file upload-v9.txt (compact mmCIF, N, CA and C atoms)
# COMPACT_ATOMS: atom_id res chain seq x y z
N MET L 1 113.08 123.59 121.93
CA MET L 1 113.93 122.85 121.02
C MET L 1 113.13 121.69 120.41
N ILE L 2 113.17 121.57 119.10
CA ILE L 2 112.42 120.53 118.40
C ILE L 2 113.21 119.23 118.44
N GLU L 3 112.51 118.15 118.82
CA GLU L 3 113.10 116.81 118.84
C GLU L 3 112.18 115.85 118.10
N VAL L 4 112.78 114.95 117.33
CA VAL L 4 112.04 113.86 116.69
C VAL L 4 112.59 112.57 117.25
N ARG L 5 111.69 111.77 117.84
CA ARG L 5 112.10 110.50 118.47
C ARG L 5 111.11 109.40 118.14
N PRO L 6 111.60 108.16 118.13
CA PRO L 6 110.67 107.04 117.98
C PRO L 6 109.73 106.98 119.19
N THR L 7 108.54 106.48 118.96
CA THR L 7 107.59 106.29 120.03
C THR L 7 106.84 104.99 119.83
N SER L 8 106.48 104.36 120.91
CA SER L 8 105.65 103.15 120.82
C SER L 8 104.18 103.51 121.08
N ASP L 9 103.90 104.78 121.29
CA ASP L 9 102.55 105.24 121.63
C ASP L 9 101.79 105.70 120.39
N TYR L 10 101.41 104.76 119.56
CA TYR L 10 100.63 105.06 118.35
C TYR L 10 99.34 105.79 118.70
N GLU L 11 98.69 105.37 119.79
CA GLU L 11 97.41 105.95 120.19
C GLU L 11 97.52 107.44 120.47
N GLU L 12 98.69 107.91 120.90
CA GLU L 12 98.90 109.34 121.13
C GLU L 12 98.86 110.10 119.81
N LEU L 13 99.33 109.48 118.74
CA LEU L 13 99.41 110.15 117.45
C LEU L 13 98.05 110.28 116.75
N VAL L 14 97.15 109.35 116.98
CA VAL L 14 95.87 109.34 116.25
C VAL L 14 95.10 110.65 116.45
N PRO L 15 94.88 111.12 117.69
CA PRO L 15 94.16 112.39 117.83
C PRO L 15 94.90 113.56 117.18
N PHE L 16 96.23 113.54 117.22
CA PHE L 16 97.02 114.59 116.57
C PHE L 16 96.78 114.56 115.06
N PHE L 17 96.81 113.37 114.47
CA PHE L 17 96.56 113.24 113.04
C PHE L 17 95.16 113.74 112.69
N MET L 18 94.18 113.35 113.48
CA MET L 18 92.80 113.76 113.21
C MET L 18 92.66 115.29 113.35
N ALA L 19 93.32 115.88 114.33
CA ALA L 19 93.27 117.33 114.50
C ALA L 19 93.92 118.05 113.32
N ASN L 20 94.79 117.36 112.61
CA ASN L 20 95.45 117.92 111.43
C ASN L 20 94.84 117.40 110.14
N GLU L 21 93.57 116.98 110.23
CA GLU L 21 92.72 116.63 109.10
C GLU L 21 93.11 115.37 108.35
N LEU L 22 93.79 114.44 109.04
CA LEU L 22 94.01 113.13 108.45
C LEU L 22 92.90 112.22 108.93
N GLU L 23 92.47 111.33 108.08
CA GLU L 23 91.40 110.39 108.43
C GLU L 23 91.97 109.15 109.08
N PHE L 24 91.46 108.82 110.24
CA PHE L 24 91.86 107.61 110.94
C PHE L 24 90.62 106.93 111.47
N SER L 25 90.61 105.61 111.39
CA SER L 25 89.47 104.85 111.88
C SER L 25 89.95 103.72 112.76
N LYS L 26 89.30 103.57 113.90
CA LYS L 26 89.61 102.45 114.78
C LYS L 26 89.15 101.14 114.14
N GLU L 27 88.17 101.21 113.25
CA GLU L 27 87.64 100.04 112.58
C GLU L 27 88.28 99.89 111.21
N ASP L 28 89.59 99.95 111.15
CA ASP L 28 90.32 99.87 109.89
C ASP L 28 90.02 98.53 109.22
N PRO L 29 89.42 98.54 108.03
CA PRO L 29 89.03 97.29 107.38
C PRO L 29 90.20 96.51 106.80
N THR L 30 91.33 97.14 106.63
CA THR L 30 92.47 96.48 106.03
C THR L 30 93.53 96.23 107.09
N PRO L 31 93.96 94.99 107.27
CA PRO L 31 94.98 94.71 108.28
C PRO L 31 96.27 95.48 108.00
N THR L 32 96.76 96.15 109.01
CA THR L 32 97.98 96.94 108.90
C THR L 32 98.96 96.48 109.96
N ASP L 33 100.18 96.21 109.55
CA ASP L 33 101.24 95.88 110.49
C ASP L 33 102.00 97.15 110.80
N LEU L 34 101.87 97.62 112.02
CA LEU L 34 102.58 98.80 112.46
C LEU L 34 104.06 98.47 112.60
N ILE L 35 104.92 99.24 111.97
CA ILE L 35 106.36 98.99 112.01
C ILE L 35 107.03 99.91 113.02
N ARG L 36 106.85 101.22 112.85
CA ARG L 36 107.50 102.18 113.75
C ARG L 36 106.81 103.53 113.65
N CYS L 37 106.80 104.25 114.75
CA CYS L 37 106.23 105.59 114.80
C CYS L 37 107.27 106.57 115.33
N TRP L 38 107.13 107.80 114.89
CA TRP L 38 107.97 108.89 115.41
C TRP L 38 107.06 110.02 115.84
N ARG L 39 107.50 110.74 116.90
CA ARG L 39 106.78 111.91 117.36
C ARG L 39 107.76 113.06 117.39
N ALA L 40 107.30 114.22 116.97
CA ALA L 40 108.11 115.43 117.03
C ALA L 40 107.52 116.32 118.11
N THR L 41 108.39 116.87 118.93
CA THR L 41 107.93 117.73 120.02
C THR L 41 108.75 119.03 120.05
N ASP L 42 108.13 120.03 120.59
CA ASP L 42 108.80 121.28 120.93
C ASP L 42 108.52 121.46 122.41
N GLY L 43 109.48 121.09 123.23
CA GLY L 43 109.23 121.02 124.67
C GLY L 43 108.24 119.89 124.93
N ASP L 44 107.14 120.21 125.58
CA ASP L 44 106.10 119.20 125.86
C ASP L 44 105.02 119.15 124.78
N ARG L 45 105.11 120.02 123.80
CA ARG L 45 104.06 120.12 122.78
C ARG L 45 104.32 119.15 121.63
N LEU L 46 103.34 118.31 121.32
CA LEU L 46 103.40 117.41 120.17
C LEU L 46 103.17 118.25 118.92
N ILE L 47 104.13 118.25 118.00
CA ILE L 47 104.04 119.09 116.80
C ILE L 47 104.14 118.30 115.50
N GLY L 48 104.36 116.98 115.60
CA GLY L 48 104.45 116.19 114.38
C GLY L 48 104.43 114.70 114.68
N GLY L 49 104.05 113.94 113.68
CA GLY L 49 104.04 112.49 113.83
C GLY L 49 104.17 111.80 112.48
N PHE L 50 104.70 110.60 112.53
CA PHE L 50 104.88 109.78 111.33
C PHE L 50 104.68 108.33 111.71
N VAL L 51 103.96 107.59 110.86
CA VAL L 51 103.72 106.16 111.10
C VAL L 51 104.17 105.38 109.86
N LEU L 52 105.09 104.45 110.10
CA LEU L 52 105.53 103.52 109.06
C LEU L 52 104.81 102.20 109.31
N ALA L 53 104.20 101.66 108.28
CA ALA L 53 103.45 100.42 108.42
C ALA L 53 103.65 99.57 107.18
N LYS L 54 103.05 98.39 107.21
CA LYS L 54 103.08 97.47 106.08
C LYS L 54 101.67 96.99 105.80
N ARG L 55 101.31 96.99 104.52
CA ARG L 55 100.04 96.40 104.08
C ARG L 55 100.31 95.63 102.79
N ASP L 56 99.70 94.50 102.70
CA ASP L 56 99.87 93.66 101.51
C ASP L 56 101.35 93.44 101.19
N GLY L 57 102.18 93.37 102.23
CA GLY L 57 103.61 93.13 102.05
C GLY L 57 104.41 94.33 101.59
N GLU L 58 103.78 95.50 101.51
CA GLU L 58 104.46 96.72 101.06
C GLU L 58 104.55 97.72 102.20
N TYR L 59 105.63 98.49 102.21
CA TYR L 59 105.81 99.54 103.22
C TYR L 59 105.02 100.78 102.81
N ILE L 60 104.33 101.36 103.79
CA ILE L 60 103.53 102.55 103.53
C ILE L 60 103.76 103.60 104.62
N CYS L 61 103.62 104.83 104.23
CA CYS L 61 103.50 105.91 105.20
C CYS L 61 102.03 105.91 105.56
N ASP L 62 101.72 105.48 106.77
CA ASP L 62 100.32 105.35 107.19
C ASP L 62 99.84 106.58 107.94
N GLY L 63 100.65 107.61 107.95
CA GLY L 63 100.26 108.88 108.55
C GLY L 63 101.47 109.77 108.72
N ILE L 64 101.32 111.01 108.32
CA ILE L 64 102.34 112.02 108.56
C ILE L 64 101.62 113.35 108.68
N ALA L 65 101.94 114.10 109.72
CA ALA L 65 101.34 115.41 109.92
C ALA L 65 102.30 116.28 110.72
N VAL L 66 102.20 117.57 110.45
CA VAL L 66 102.98 118.57 111.17
C VAL L 66 102.02 119.68 111.58
N ASP L 67 102.14 120.12 112.81
CA ASP L 67 101.35 121.24 113.31
C ASP L 67 101.53 122.43 112.36
N PRO L 68 100.44 123.12 112.01
CA PRO L 68 100.55 124.25 111.07
C PRO L 68 101.59 125.30 111.46
N ASP L 69 101.81 125.52 112.74
CA ASP L 69 102.79 126.51 113.19
C ASP L 69 104.23 126.11 112.86
N TYR L 70 104.45 124.84 112.49
CA TYR L 70 105.80 124.33 112.27
C TYR L 70 106.02 123.83 110.85
N ARG L 71 105.13 124.14 109.95
CA ARG L 71 105.20 123.56 108.60
C ARG L 71 106.32 124.12 107.73
N ASN L 72 107.00 125.14 108.14
CA ASN L 72 108.12 125.66 107.36
C ASN L 72 109.45 125.37 108.02
N GLU L 73 109.47 124.37 108.88
CA GLU L 73 110.68 124.04 109.65
C GLU L 73 111.40 122.79 109.13
N GLU L 74 110.97 122.25 107.96
CA GLU L 74 111.57 121.04 107.39
C GLU L 74 111.28 119.79 108.21
N LEU L 75 110.32 119.88 109.12
CA LEU L 75 109.99 118.77 110.00
C LEU L 75 109.37 117.60 109.25
N GLY L 76 108.44 117.89 108.34
CA GLY L 76 107.83 116.83 107.55
C GLY L 76 108.87 116.08 106.74
N ARG L 77 109.77 116.81 106.13
CA ARG L 77 110.85 116.21 105.33
C ARG L 77 111.73 115.31 106.21
N ALA L 78 112.05 115.78 107.42
CA ALA L 78 112.91 115.01 108.33
C ALA L 78 112.23 113.71 108.76
N MET L 79 110.93 113.78 109.09
CA MET L 79 110.22 112.57 109.51
C MET L 79 110.06 111.59 108.35
N LEU L 80 109.75 112.11 107.17
CA LEU L 80 109.62 111.25 105.99
C LEU L 80 110.94 110.54 105.71
N LYS L 81 112.04 111.26 105.83
CA LYS L 81 113.35 110.66 105.61
C LYS L 81 113.62 109.54 106.61
N LEU L 82 113.28 109.77 107.89
CA LEU L 82 113.45 108.71 108.89
C LEU L 82 112.64 107.46 108.52
N GLY L 83 111.41 107.67 108.09
CA GLY L 83 110.56 106.55 107.70
C GLY L 83 111.10 105.79 106.50
N MET L 84 111.57 106.52 105.50
CA MET L 84 112.11 105.87 104.31
C MET L 84 113.39 105.11 104.64
N GLU L 85 114.24 105.70 105.48
CA GLU L 85 115.48 105.02 105.88
C GLU L 85 115.18 103.75 106.65
N GLU L 86 114.19 103.80 107.55
CA GLU L 86 113.81 102.60 108.32
C GLU L 86 113.26 101.52 107.40
N ALA L 87 112.42 101.91 106.45
CA ALA L 87 111.87 100.94 105.50
C ALA L 87 112.99 100.31 104.69
N ALA L 88 113.93 101.10 104.21
CA ALA L 88 115.05 100.58 103.43
C ALA L 88 115.90 99.63 104.26
N ARG L 89 116.14 99.97 105.54
CA ARG L 89 116.91 99.08 106.43
C ARG L 89 116.22 97.72 106.58
N ARG L 90 114.92 97.73 106.49
CA ARG L 90 114.15 96.49 106.63
C ARG L 90 113.97 95.75 105.31
N GLY L 91 114.61 96.26 104.26
CA GLY L 91 114.59 95.56 102.98
C GLY L 91 113.60 96.09 101.97
N ALA L 92 112.92 97.19 102.27
CA ALA L 92 111.95 97.75 101.32
C ALA L 92 112.66 98.33 100.11
N SER L 93 112.06 98.16 98.95
CA SER L 93 112.60 98.77 97.75
C SER L 93 111.75 99.97 97.32
N ARG L 94 110.60 100.16 98.00
CA ARG L 94 109.72 101.28 97.67
C ARG L 94 108.81 101.58 98.86
N MET L 95 108.20 102.75 98.82
CA MET L 95 107.22 103.13 99.84
C MET L 95 106.02 103.76 99.14
N TYR L 96 104.84 103.46 99.66
CA TYR L 96 103.60 104.02 99.14
C TYR L 96 102.98 104.94 100.19
N LEU L 97 102.08 105.83 99.71
CA LEU L 97 101.30 106.67 100.61
C LEU L 97 100.11 107.23 99.86
N VAL L 98 99.14 107.73 100.62
CA VAL L 98 98.02 108.47 100.07
C VAL L 98 98.25 109.92 100.49
N ALA L 99 98.40 110.80 99.52
CA ALA L 99 98.80 112.18 99.80
C ALA L 99 97.63 113.15 99.71
N ARG L 100 97.41 113.86 100.81
CA ARG L 100 96.49 115.00 100.79
C ARG L 100 97.23 116.23 100.26
N ALA L 101 98.55 116.22 100.39
CA ALA L 101 99.39 117.32 99.91
C ALA L 101 100.40 116.76 98.92
N PRO L 102 99.92 116.34 97.74
CA PRO L 102 100.82 115.67 96.79
C PRO L 102 102.01 116.51 96.36
N GLY L 103 101.88 117.82 96.35
CA GLY L 103 103.00 118.67 95.94
C GLY L 103 104.22 118.47 96.84
N PHE L 104 103.99 118.36 98.15
CA PHE L 104 105.08 118.12 99.09
C PHE L 104 105.78 116.81 98.75
N PHE L 105 105.00 115.76 98.53
CA PHE L 105 105.60 114.45 98.28
C PHE L 105 106.27 114.37 96.91
N ARG L 106 105.76 115.10 95.93
CA ARG L 106 106.44 115.15 94.62
C ARG L 106 107.85 115.71 94.79
N LYS L 107 107.98 116.75 95.62
CA LYS L 107 109.30 117.34 95.86
C LYS L 107 110.24 116.34 96.52
N GLU L 108 109.68 115.34 97.18
CA GLU L 108 110.48 114.32 97.86
C GLU L 108 110.67 113.07 96.99
N GLY L 109 110.30 113.14 95.72
CA GLY L 109 110.55 112.05 94.79
C GLY L 109 109.43 111.05 94.60
N PHE L 110 108.25 111.30 95.20
CA PHE L 110 107.11 110.40 95.03
C PHE L 110 106.41 110.72 93.73
N LYS L 111 105.84 109.67 93.12
CA LYS L 111 105.10 109.83 91.87
C LYS L 111 103.73 109.19 92.02
N GLU L 112 102.75 109.78 91.37
CA GLU L 112 101.39 109.25 91.43
C GLU L 112 101.33 107.89 90.72
N VAL L 113 100.58 106.96 91.32
CA VAL L 113 100.33 105.66 90.72
C VAL L 113 98.84 105.36 90.78
N ALA L 114 98.39 104.50 89.91
CA ALA L 114 96.98 104.09 89.93
C ALA L 114 96.70 103.31 91.21
N ARG L 115 95.51 103.49 91.77
CA ARG L 115 95.13 102.77 93.00
C ARG L 115 95.35 101.27 92.87
N GLU L 116 95.01 100.73 91.70
CA GLU L 116 95.12 99.28 91.52
C GLU L 116 96.57 98.80 91.45
N ASP L 117 97.51 99.72 91.31
CA ASP L 117 98.93 99.36 91.28
C ASP L 117 99.60 99.54 92.63
N ALA L 118 98.80 99.75 93.67
CA ALA L 118 99.32 99.98 95.02
C ALA L 118 98.67 98.99 95.98
N PRO L 119 99.24 98.84 97.17
CA PRO L 119 98.59 97.98 98.18
C PRO L 119 97.19 98.50 98.49
N ASP L 120 96.37 97.67 99.08
CA ASP L 120 95.00 98.04 99.43
C ASP L 120 95.01 98.88 100.70
N PHE L 121 95.23 100.19 100.54
CA PHE L 121 95.21 101.07 101.70
C PHE L 121 94.50 102.37 101.39
N PHE L 122 93.83 102.45 100.28
CA PHE L 122 93.11 103.65 99.88
C PHE L 122 91.69 103.56 100.40
N GLU L 123 91.46 104.12 101.58
CA GLU L 123 90.15 104.03 102.22
C GLU L 123 89.36 105.32 102.07
N CYS L 124 89.85 106.21 101.23
CA CYS L 124 89.26 107.54 101.11
C CYS L 124 87.84 107.53 100.56
N LEU L 125 87.50 106.51 99.79
CA LEU L 125 86.19 106.51 99.13
C LEU L 125 85.03 106.58 100.11
N THR L 126 85.23 106.17 101.36
CA THR L 126 84.16 106.19 102.35
C THR L 126 84.19 107.47 103.20
N CYS L 127 85.11 108.37 102.92
CA CYS L 127 85.28 109.59 103.71
C CYS L 127 84.38 110.71 103.17
N ASP L 128 83.75 111.47 104.07
CA ASP L 128 82.89 112.58 103.67
C ASP L 128 83.64 113.69 102.94
N GLN L 129 84.95 113.81 103.18
CA GLN L 129 85.74 114.88 102.56
C GLN L 129 86.19 114.52 101.14
N TYR L 130 86.16 113.22 100.81
CA TYR L 130 86.70 112.77 99.52
C TYR L 130 85.95 113.40 98.35
N GLY L 131 86.71 114.07 97.48
CA GLY L 131 86.13 114.69 96.30
C GLY L 131 85.41 116.00 96.57
N VAL L 132 85.33 116.41 97.85
CA VAL L 132 84.68 117.67 98.21
C VAL L 132 85.75 118.69 98.62
N THR L 133 86.47 118.37 99.70
CA THR L 133 87.57 119.25 100.14
C THR L 133 88.91 118.54 100.06
N CYS L 134 88.91 117.25 99.74
CA CYS L 134 90.14 116.47 99.71
C CYS L 134 90.22 115.70 98.39
N PHE L 135 91.35 115.84 97.73
CA PHE L 135 91.57 115.19 96.44
C PHE L 135 92.91 114.45 96.50
N PRO L 136 92.95 113.35 97.26
CA PRO L 136 94.22 112.66 97.50
C PRO L 136 94.74 111.91 96.27
N GLU L 137 96.05 111.68 96.31
CA GLU L 137 96.70 110.89 95.26
C GLU L 137 97.43 109.73 95.91
N VAL L 138 97.35 108.56 95.29
CA VAL L 138 98.14 107.42 95.72
C VAL L 138 99.51 107.61 95.07
N MET L 139 100.56 107.51 95.88
CA MET L 139 101.90 107.80 95.40
C MET L 139 102.87 106.74 95.83
N LYS L 140 103.99 106.66 95.08
CA LYS L 140 105.03 105.68 95.37
C LYS L 140 106.39 106.31 95.13
N ARG L 141 107.36 105.87 95.92
CA ARG L 141 108.74 106.27 95.68
C ARG L 141 109.63 105.06 95.83
N ASP L 142 110.52 104.88 94.87
CA ASP L 142 111.54 103.83 95.00
C ASP L 142 112.57 104.31 96.03
N LEU L 143 113.03 103.37 96.84
CA LEU L 143 113.99 103.73 97.88
C LEU L 143 115.41 103.37 97.47

call {"tool": "encode", "arguments": {"input": "upload-v9.txt", "output": "structure tokens"}}
result
Amino acid sequence: MIEVRPTSDYEELVPFFMANELEFSKEDPTPTDLIRCWRATDGDRLIGGFVLAKRDGEYICDGIAVDPDYRNEELGRAMLKLGMEEAARRGASRMYLVARAPGFFRKEGFKEVAREDAPDFFECLTCDQYGVTCFPEVMKRDL
């Protein structure tokens, strides 16, 4: 049975995100205020994660991933909705993210914005995958 629950164990999510090809660095050059994390499980198996954070006073999705075996289960949509609802409860009027899968986020109402019109959280330029196998978009959605 799939369950999505809040978690205070951010460190558990980092290896999961990295295994699902998201870039994470312990030496994050931009200060990030962690707001809330969610973990999705199927029994004891970690199958999804979402991190809501704040940078430059703006709410951001600082990580979202779903195990490939579960990507057609609406799990990503459910976690994104939880994150957006939490941000709105805290007074956010919008949410930003860097999308490796921009098509998914477009379906959820996000629109591409110029990097300079978003908080400073676009760290992709230093990644080996940037422009080779990964073509991310900075996106925003009004809440």

call {"tool": "residues_around", "arguments": {"input": "upload-v9.txt", "residues": "Arg36 in chain L", "least_positions_apart": "3", "cutoff": "10 Å", "atoms": "only C-alpha atoms", "output": "PDB file with N, CA and C atoms, in the coordinates of the input"}}
result
ATOM      1  N   PRO L   6     111.600 108.160 118.130  1.00  0.00           N
ATOM      2  CA  PRO L   6     110.670 107.040 117.980  1.00  0.00           C
ATOM      3  C   PRO L   6     109.730 106.980 119.190  1.00  0.00           C
ATOM      4  N   THR L   7     108.540 106.480 118.960  1.00  0.00           N
ATOM      5  CA  THR L   7     107.590 106.290 120.030  1.00  0.00           C
ATOM      6  C   THR L   7     106.840 104.990 119.830  1.00  0.00           C
ATOM      7  N   SER L   8     106.480 104.360 120.910  1.00  0.00           N
ATOM      8  CA  SER L   8     105.650 103.150 120.820  1.00  0.00           C
ATOM      9  C   SER L   8     104.180 103.510 121.080  1.00  0.00           C
ATOM     10  N   ASP L   9     103.900 104.780 121.290  1.00  0.00           N
ATOM     11  CA  ASP L   9     102.550 105.240 121.630  1.00  0.00           C
ATOM     12  C   ASP L   9     101.790 105.700 120.390  1.00  0.00           C
ATOM     13  N   TYR L  10     101.410 104.760 119.560  1.00  0.00           N
ATOM     14  CA  TYR L  10     100.630 105.060 118.350  1.00  0.00           C
ATOM     15  C   TYR L  10      99.340 105.790 118.700  1.00  0.00           C
ATOM     16  N   ASP L  33     100.180  96.210 109.550  1.00  0.00           N
ATOM     17  CA  ASP L  33     101.240  95.880 110.490  1.00  0.00           C
ATOM     18  C   ASP L  33     102.000  97.150 110.800  1.00  0.00           C
ATOM     19  N   PHE L  50     104.700 110.600 112.530  1.00  0.00           N
ATOM     20  CA  PHE L  50     104.880 109.780 111.330  1.00  0.00           C
ATOM     21  C   PHE L  50     104.680 108.330 111.710  1.00  0.00           C
ATOM     22  N   VAL L  51     103.960 107.590 110.860  1.00  0.00           N
ATOM     23  CA  VAL L  51     103.720 106.160 111.100  1.00  0.00           C
ATOM     24  C   VAL L  51     104.170 105.380 109.860  1.00  0.00           C
ATOM     25  N   LEU L  52     105.090 104.450 110.100  1.00  0.00           N
ATOM     26  CA  LEU L  52     105.530 103.520 109.060  1.00  0.00           C
ATOM     27  C   LEU L  52     104.810 102.200 109.310  1.00  0.00           C
ATOM     28  N   ALA L  53     104.200 101.660 108.280  1.00  0.00           N
ATOM     29  CA  ALA L  53     103.450 100.420 108.420  1.00  0.00           C
ATOM     30  C   ALA L  53     103.650  99.570 107.180  1.00  0.00           C
ATOM     31  N   GLY L  83     111.410 107.670 108.090  1.00  0.00           N
ATOM     32  CA  GLY L  83     110.560 106.550 107.700  1.00  0.00           C
ATOM     33  C   GLY L  83     111.100 105.790 106.500  1.00  0.00           C
ATOM     34  N   GLU L  86     114.190 103.800 107.550  1.00  0.00           N
ATOM     35  CA  GLU L  86     113.810 102.600 108.320  1.00  0.00           C
ATOM     36  C   GLU L  86     113.260 101.520 107.400  1.00  0.00           C
ATOM     37  N   ALA L  87     112.420 101.910 106.450  1.00  0.00           N
ATOM     38  CA  ALA L  87     111.870 100.940 105.500  1.00  0.00           C
ATOM     39  C   ALA L  87     112.990 100.310 104.690  1.00  0.00           C
TER      40      ALA L  87
END

call {"tool": "atom_distance", "arguments": {"input": "upload-v9.txt", "atom1": "CA of Ala101 in chain L", "atom2": "atom C of Glu85 in chain L"}}
result
21.9 Å

call {"tool": "residues_near_point", "arguments": {"input": "upload-v9.txt", "point": "(108.5, 121.4, 108.3)", "cutoff": "12 Å", "atoms": "only C-alpha atoms", "output": "mmCIF file with N, CA and C atoms, in the frame of the given file"}}
result
data_model
loop_
_atom_site.group_PDB
_atom_site.id
_atom_site.type_symbol
_atom_site.label_atom_id
_atom_site.label_comp_id
_atom_site.auth_asym_id
_atom_site.auth_seq_id
_atom_site.Cartn_x
_atom_site.Cartn_y
_atom_site.Cartn_z
ATOM 1 N N ILE L 2 113.170 121.570 119.100
ATOM 2 C CA ILE L 2 112.420 120.530 118.400
ATOM 3 C C ILE L 2 113.210 119.230 118.440
ATOM 4 N N VAL L 4 112.780 114.950 117.330
ATOM 5 C CA VAL L 4 112.040 113.860 116.690
ATOM 6 C C VAL L 4 112.590 112.570 117.250
ATOM 7 N N ALA L 40 107.300 114.220 116.970
ATOM 8 C CA ALA L 40 108.110 115.430 117.030
ATOM 9 C C ALA L 40 107.520 116.320 118.110
ATOM 10 N N ILE L 47 104.130 118.250 118.000
ATOM 11 C CA ILE L 47 104.040 119.090 116.800
ATOM 12 C C ILE L 47 104.140 118.300 115.500
ATOM 13 N N GLY L 48 104.360 116.980 115.600
ATOM 14 C CA GLY L 48 104.450 116.190 114.380
ATOM 15 C C GLY L 48 104.430 114.700 114.680
ATOM 16 N N GLY L 49 104.050 113.940 113.680
ATOM 17 C CA GLY L 49 104.040 112.490 113.830
ATOM 18 C C GLY L 49 104.170 111.800 112.480
ATOM 19 N N ILE L 64 101.320 111.010 108.320
ATOM 20 C CA ILE L 64 102.340 112.020 108.560
ATOM 21 C C ILE L 64 101.620 113.350 108.680
ATOM 22 N N ALA L 65 101.940 114.100 109.720
ATOM 23 C CA ALA L 65 101.340 115.410 109.920
ATOM 24 C C ALA L 65 102.300 116.280 110.720
ATOM 25 N N VAL L 66 102.200 117.570 110.450
ATOM 26 C CA VAL L 66 102.980 118.570 111.170
ATOM 27 C C VAL L 66 102.020 119.680 111.580
ATOM 28 N N ASP L 67 102.140 120.120 112.810
ATOM 29 C CA ASP L 67 101.350 121.240 113.310
ATOM 30 C C ASP L 67 101.530 122.430 112.360
ATOM 31 N N PRO L 68 100.440 123.120 112.010
ATOM 32 C CA PRO L 68 100.550 124.250 111.070
ATOM 33 C C PRO L 68 101.590 125.300 111.460
ATOM 34 N N ASP L 69 101.810 125.520 112.740
ATOM 35 C CA ASP L 69 102.790 126.510 113.190
ATOM 36 C C ASP L 69 104.230 126.110 112.860
ATOM 37 N N TYR L 70 104.450 124.840 112.490
ATOM 38 C CA TYR L 70 105.800 124.330 112.270
ATOM 39 C C TYR L 70 106.020 123.830 110.850
ATOM 40 N N ARG L 71 105.130 124.140 109.950
ATOM 41 C CA ARG L 71 105.200 123.560 108.600
ATOM 42 C C ARG L 71 106.320 124.120 107.730
ATOM 43 N N ASN L 72 107.000 125.140 108.140
ATOM 44 C CA ASN L 72 108.120 125.660 107.360
ATOM 45 C C ASN L 72 109.450 125.370 108.020
ATOM 46 N N GLU L 73 109.470 124.370 108.880
ATOM 47 C CA GLU L 73 110.680 124.040 109.650
ATOM 48 C C GLU L 73 111.400 122.790 109.130
ATOM 49 N N GLU L 74 110.970 122.250 107.960
ATOM 50 C CA GLU L 74 111.570 121.040 107.390
ATOM 51 C C GLU L 74 111.280 119.790 108.210
ATOM 52 N N LEU L 75 110.320 119.880 109.120
ATOM 53 C CA LEU L 75 109.990 118.770 110.000
ATOM 54 C C LEU L 75 109.370 117.600 109.250
ATOM 55 N N GLY L 76 108.440 117.890 108.340
ATOM 56 C CA GLY L 76 107.830 116.830 107.550
ATOM 57 C C GLY L 76 108.870 116.080 106.740
ATOM 58 N N ARG L 77 109.770 116.810 106.130
ATOM 59 C CA ARG L 77 110.850 116.210 105.330
ATOM 60 C C ARG L 77 111.730 115.310 106.210
ATOM 61 N N ALA L 78 112.050 115.780 107.420
ATOM 62 C CA ALA L 78 112.910 115.010 108.330
ATOM 63 C C ALA L 78 112.230 113.710 108.760
ATOM 64 N N MET L 79 110.930 113.780 109.090
ATOM 65 C CA MET L 79 110.220 112.570 109.510
ATOM 66 C C MET L 79 110.060 111.590 108.350
ATOM 67 N N LEU L 80 109.750 112.110 107.170
ATOM 68 C CA LEU L 80 109.620 111.250 105.990
ATOM 69 C C LEU L 80 110.940 110.540 105.710
ATOM 70 N N PHE L 104 103.990 118.360 98.150
ATOM 71 C CA PHE L 104 105.080 118.120 99.090
ATOM 72 C C PHE L 104 105.780 116.810 98.750
#

call {"tool": "atom_distance", "arguments": {"input": "upload-v9.txt", "atom1": "atom N of Ala118 in chain L", "atom2": "atom N of Arg106 in chain L"}}
result
17.0 Å

call {"tool": "closest_residue", "arguments": {"input": "upload-v9.txt", "among": "L:Met84, L:Lys111, L:Glu116, L:Glu137", "to": "Val98 in chain L", "atoms": "only C-alpha atoms"}}
result
L:Glu137

call {"tool": "select_by_dssp", "arguments": {"input": "upload-v9.txt", "residues": "range 53-102 of chain L", "states": "alpha helix (DSSP H)", "output": "VMD selection string"}}
result
chain L and resid 75 to 89 102

call {"tool": "closest_residue", "arguments": {"input": "upload-v9.txt", "among": "L:Val113, L:Arg5, L:Asn20, L:Arg94", "to": "Trp38 in chain L", "atoms": "all atoms listed in the file"}}
result
L:Arg5

call {"tool": "atom_distance", "arguments": {"input": "upload-v9.txt", "atom1": "CA of Ala114 in chain L", "atom2": "CA of Val138 in chain L"}}
result
6.8 Å

call {"tool": "closest_residue", "arguments": {"input": "upload-v9.txt", "among": "L:Pro15, L:Pro136, L:Gly63, L:Gly43", "to": "Arg100 in chain L", "atoms": "all atoms listed in the file"}}
result
L:Pro136

call {"tool": "closest_residue", "arguments": {"input": "upload-v9.txt", "among": "L:Glu3, L:Asp117, L:Asp142, L:Asp62", "to": "Leu46 in chain L", "atoms": "only C-alpha atoms"}}
result
L:Glu3

call {"tool": "closest_residue", "arguments": {"input": "upload-v9.txt", "among": "L:Met18, L:Lys81, L:Ala99, L:Lys54", "to": "Ile35 in chain L", "atoms": "only N, CA and C atoms"}}
result
L:Lys54

call {"tool": "residues_around", "arguments": {"input": "upload-v9.txt", "residues": "Tyr96 in chain L", "least_positions_apart": "3", "cutoff": "8 Å", "atoms": "only C-alpha atoms", "output": "ChimeraX atom specification"}}
result
/L:58-61,118-119,138-141

call {"tool": "closest_residue", "arguments": {"input": "upload-v9.txt", "among": "L:Thr32, L:Arg115, L:Asp42, L:Ser93", "to": "Asp56 in chain L", "atoms": "only C-alpha atoms"}}
result
L:Thr32
